[in-house]
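Structure, as structure tokens:
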Amino acid sequence: MLIPNRYSVILDRDKTINEDPGYLNDPAKVKLMPHAAKGISLLNKFGVRVFVASNQSGIARGLITTTQLGTVNNRITELLAKENAHVGGFFICPHADEDNCDCRKPKSGLIKQIINKEKIDPFKTFLVGDRARDIECGKEFSMRGILVGPDEVNLSPNTVFRAAHLEEAATYILEAIFDETTNTKIFLNAEDFFPQLEELKSTQKKIVFTNGCFDLLHSGHAQLLSYARTLGDYLVLGLNSDRSVRALKGKTRPLNNALDRARLLAQLPYVDAVVVFDEDTPIELLKKIAPDIQVKGGDYIKEELPEYKVMRTMGKEIVIVPFRKGYSTTNIIERMRL
Ligand SMILES: [Zn+2]
């Protein structure tokens, strides 16, 4: 699964991207903050769009002219470009508190401007700044914020992380995007999957189900899952919870927890949903999902399977797919011990 590139980040300017000597009006005084260019360039590489939203009350106070503001912003752009970092635009509030404008952060005017002009998706936008107001300004759009630097003592409720600098913030954002795009296939409780299941059933799609621990993913698993998917239109993988893996395989297992196992499985193009279940057998889950086909990997005789009766009663089919010989998590662990 590739990361979609419709994510955006809105950065504060002073003390987030560049150092702040106070009412910065001289391009010769522009200095980037440590790790700022690296952080922006990292976001650029993976297609995340980057914008700047900045309060510049120095303009209202007559300490910065709009021309000076322009030359400073150009200098920032130039210094970033030297390190392969690019921002998509500067959105500026030139007002002071007493002007009572709607764009001075923590008010949301600048964010609205970016949403309207750049057509960003608020649910896929992160805010980064050194002050609580840099994050609070996106609160009404449910944007998540990352505070950088040690200075701020107040936290806006939509703050999700504190980072030392912009590069650390960018790393966090890339992880969050990965989790979010992957998690669309992951259901840690069966109940969370049912709305999607209802929808599927209404489309007459042929649902295939298989289950297992998938503790250390190997090519035997990949073969089984890809064949399973071939039998229908949608593959639901019932994944044993950590508790049920321990019950089945002993207390030293699983090696990877359920979320990590699910994250990996969700990357396979032929797995449509990973549903974690806590029972020792998948019978309860099978009853709820009532798939058209259940796939078992191995050399089972289907009439001897505990789920055979359930599937037969529901008028559904069980297909046994042979396992690739010599491949099992247990074998891999044995080999590692030698
Ligand atoms: Zn304003």
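Ligands are numbered from 1 in the order shown, chains are lettered A, B, ... in the order of the structure tokens, and residues start at 1 in each chain.
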> Can you tell me, as a list in words, what residues are no more than 12 Å from Gln196 in chain A when counting only C-alpha atoms, ignoring any on the same chain fewer than 2 positions away?
Replying inline: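 Near Gln196 in chain A, the qualifying residues are Thr184, Lys185, Ile186, Phe187, Ala190, Glu191, Asp192, Phe193, Phe194, Glu198, Glu199, Leu200, Lys201, Ser202, Thr203, Tyr234, Val236, Asp272, Ala273, Val275 and Ile289 of chain A.
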Would you save the residues from that selection as an mmCIF file, in the first residue's frame, using C-alpha atoms?
data_model
loop_
_atom_site.group_PDB
_atom_site.id
_atom_site.type_symbol
_atom_site.label_atom_id
_atom_site.label_comp_id
_atom_site.auth_asym_id
_atom_site.auth_seq_id
_atom_site.Cartn_x
_atom_site.Cartn_y
_atom_site.Cartn_z
ATOM 1 C CA THR A 184 -8.184 1.427 7.299
ATOM 2 C CA LYS A 185 -7.778 -2.342 6.867
ATOM 3 C CA ILE A 186 -7.251 -3.156 10.560
ATOM 4 C CA PHE A 187 -10.039 -3.920 13.051
ATOM 5 C CA ALA A 190 -14.746 -7.603 15.411
ATOM 6 C CA GLU A 191 -17.586 -5.169 16.212
ATOM 7 C CA ASP A 192 -15.688 -2.367 14.460
ATOM 8 C CA PHE A 193 -15.704 -4.437 11.271
ATOM 9 C CA PHE A 194 -19.448 -5.105 11.151
ATOM 10 C CA GLU A 198 -22.944 -5.044 6.175
ATOM 11 C CA GLU A 199 -21.979 -2.886 3.230
ATOM 12 C CA LEU A 200 -20.068 -5.756 1.613
ATOM 13 C CA LYS A 201 -22.969 -8.152 2.001
ATOM 14 C CA SER A 202 -25.254 -5.689 0.258
ATOM 15 C CA THR A 203 -22.938 -5.627 -2.772
ATOM 16 C CA TYR A 234 -12.830 -9.850 -0.529
ATOM 17 C CA VAL A 236 -11.091 -11.228 5.659
ATOM 18 C CA ASP A 272 -8.778 -6.653 2.419
ATOM 19 C CA ALA A 273 -9.410 -6.661 6.171
ATOM 20 C CA VAL A 275 -9.956 -8.636 12.139
ATOM 21 C CA ILE A 289 -19.083 -12.984 9.408
#
>> To test your reading of the structure, identify every residue in range 21-194 of chain A that backbone DSSP assigns to helix (DSSP H, G or I), and report it as number ranges by chain.
In response: A: 27-29, 36-45, 66-82, 97-99, 109-118, 122-124, 132-136, 139-141, 166-183, 190-194
>> Please find the residues contacting ligand 1 at a distance of at most 10 Å between atoms, with only C-alpha atoms and all ligand atoms counted, and report them as a PyMOL selection string.
In response: chain A and resi 54-57+60+92-97+99-105+107-110
> Got a sec: who's within 10 Å of range 210-224 of chain A, counting only C-alpha atoms, leaving out chain neighbours fewer than 4 positions off, as number ranges by chain?
Replying inline: A: 228-229, 235-242, 244-246, 248-249, 253-258, 260-262, 264-265, 268, 270-271, 274-277, 281-282, 285-286, 291, 293-298, 318-330, 332-333
> How many Å lie between CA of Ile146 in chain A and CA of Ser41 in chain A, rounded to one decimal?
Replying inline: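 Distance between the two atoms: 17.3 Å.
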> Of the candidates A:Arg133, A:Arg162, A:Lys302, A:Lys31, which shows the shortest atom-to-atom distance to Asp12 in chain A, using only C-alpha atoms?
Replying inline: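 Closest to Asp12 in chain A of all the choices is A:Arg133.
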>> For the structure I just gave you, how does DSSP split range 2-82 of chain A - specifically, which residues are strand (DSSP E)? Reply as JSON, numbers by chain.
In response: {"A": [8, 9, 10, 11, 49, 50, 51, 52, 53, 54, 55]}
Selection from above, C-alpha atoms, as an mmCIF file, in the first residue's frame, can you write it?
data_model
loop_
_atom_site.group_PDB
_atom_site.id
_atom_site.type_symbol
_atom_site.label_atom_id
_atom_site.label_comp_id
_atom_site.auth_asym_id
_atom_site.auth_seq_id
_atom_site.Cartn_x
_atom_site.Cartn_y
_atom_site.Cartn_z
ATOM 1 C CA SER A 8 -0.558 18.632 4.286
ATOM 2 C CA VAL A 9 1.388 20.322 7.039
ATOM 3 C CA ILE A 10 0.940 23.951 8.102
ATOM 4 C CA LEU A 11 4.031 25.349 9.760
ATOM 5 C CA ARG A 49 2.348 19.524 1.024
ATOM 6 C CA VAL A 50 3.867 22.199 3.274
ATOM 7 C CA PHE A 51 2.481 25.703 3.924
ATOM 8 C CA VAL A 52 3.368 28.474 6.353
ATOM 9 C CA ALA A 53 0.904 30.403 8.525
ATOM 10 C CA SER A 54 2.461 33.270 10.465
ATOM 11 C CA ASN A 55 1.420 36.172 12.707
#
>> With only C-alpha atoms as the counted atoms, please give the residues lying no more than 10 Å from Thr125 in chain A, apart from itself and same-chain residues fewer than 3 positions off, as a ChimeraX atom specification.
In response: /A:6-10,48-50,115,120-122,138,141-145,173
Write a file of the just-selected residues containing N, CA and C atoms, as a compact mmCIF listing (two decimals), in the first residue's frame.
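Ended up saving to result_39.txt:
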# COMPACT_ATOMS: atom_id res chain seq x y z
N ARG A 6 -2.04 13.17 -0.35
CA ARG A 6 -2.94 14.29 -0.12
C ARG A 6 -2.83 14.86 1.29
N TYR A 7 -1.79 14.54 1.98
CA TYR A 7 -1.60 15.09 3.32
C TYR A 7 -0.91 16.46 3.24
N SER A 8 -1.18 17.31 4.24
CA SER A 8 -0.56 18.63 4.29
C SER A 8 -0.07 18.94 5.69
N VAL A 9 0.90 19.83 5.76
CA VAL A 9 1.39 20.32 7.04
C VAL A 9 1.42 21.85 6.97
N ILE A 10 0.90 22.49 8.01
CA ILE A 10 0.94 23.95 8.10
C ILE A 10 1.91 24.32 9.21
N VAL A 48 4.09 15.15 0.95
CA VAL A 48 3.26 15.92 1.90
C VAL A 48 3.41 17.41 1.54
N ARG A 49 2.29 18.10 1.39
CA ARG A 49 2.35 19.52 1.02
C ARG A 49 2.63 20.35 2.27
N VAL A 50 3.44 21.39 2.12
CA VAL A 50 3.87 22.20 3.27
C VAL A 50 3.53 23.68 3.04
N ILE A 115 -7.24 26.41 3.49
CA ILE A 115 -8.23 25.40 3.06
C ILE A 115 -8.88 25.83 1.75
N ILE A 120 -6.87 21.92 0.74
CA ILE A 120 -6.32 20.85 1.59
C ILE A 120 -7.45 20.15 2.32
N ASP A 121 -7.19 18.92 2.72
CA ASP A 121 -8.17 18.14 3.49
C ASP A 121 -7.86 18.34 4.98
N PRO A 122 -8.74 19.02 5.73
CA PRO A 122 -8.44 19.31 7.14
C PRO A 122 -8.14 18.06 7.96
N GLY A 138 -6.14 25.51 14.40
CA GLY A 138 -6.74 24.49 13.53
C GLY A 138 -7.69 23.57 14.27
N PHE A 141 -11.17 22.64 12.99
CA PHE A 141 -11.20 21.76 11.82
C PHE A 141 -10.68 20.36 12.16
N SER A 142 -10.53 20.09 13.45
CA SER A 142 -10.00 18.80 13.93
C SER A 142 -8.60 18.50 13.42
N MET A 143 -7.84 19.55 13.12
CA MET A 143 -6.45 19.32 12.71
C MET A 143 -5.62 18.96 13.93
N ARG A 144 -4.65 18.08 13.71
CA ARG A 144 -3.78 17.68 14.81
C ARG A 144 -2.52 18.53 14.82
N GLY A 145 -2.04 18.83 16.02
CA GLY A 145 -0.88 19.72 16.10
C GLY A 145 0.31 19.10 16.81
N ILE A 173 5.00 12.74 11.90
CA ILE A 173 3.91 12.89 10.93
C ILE A 173 3.93 11.72 9.92
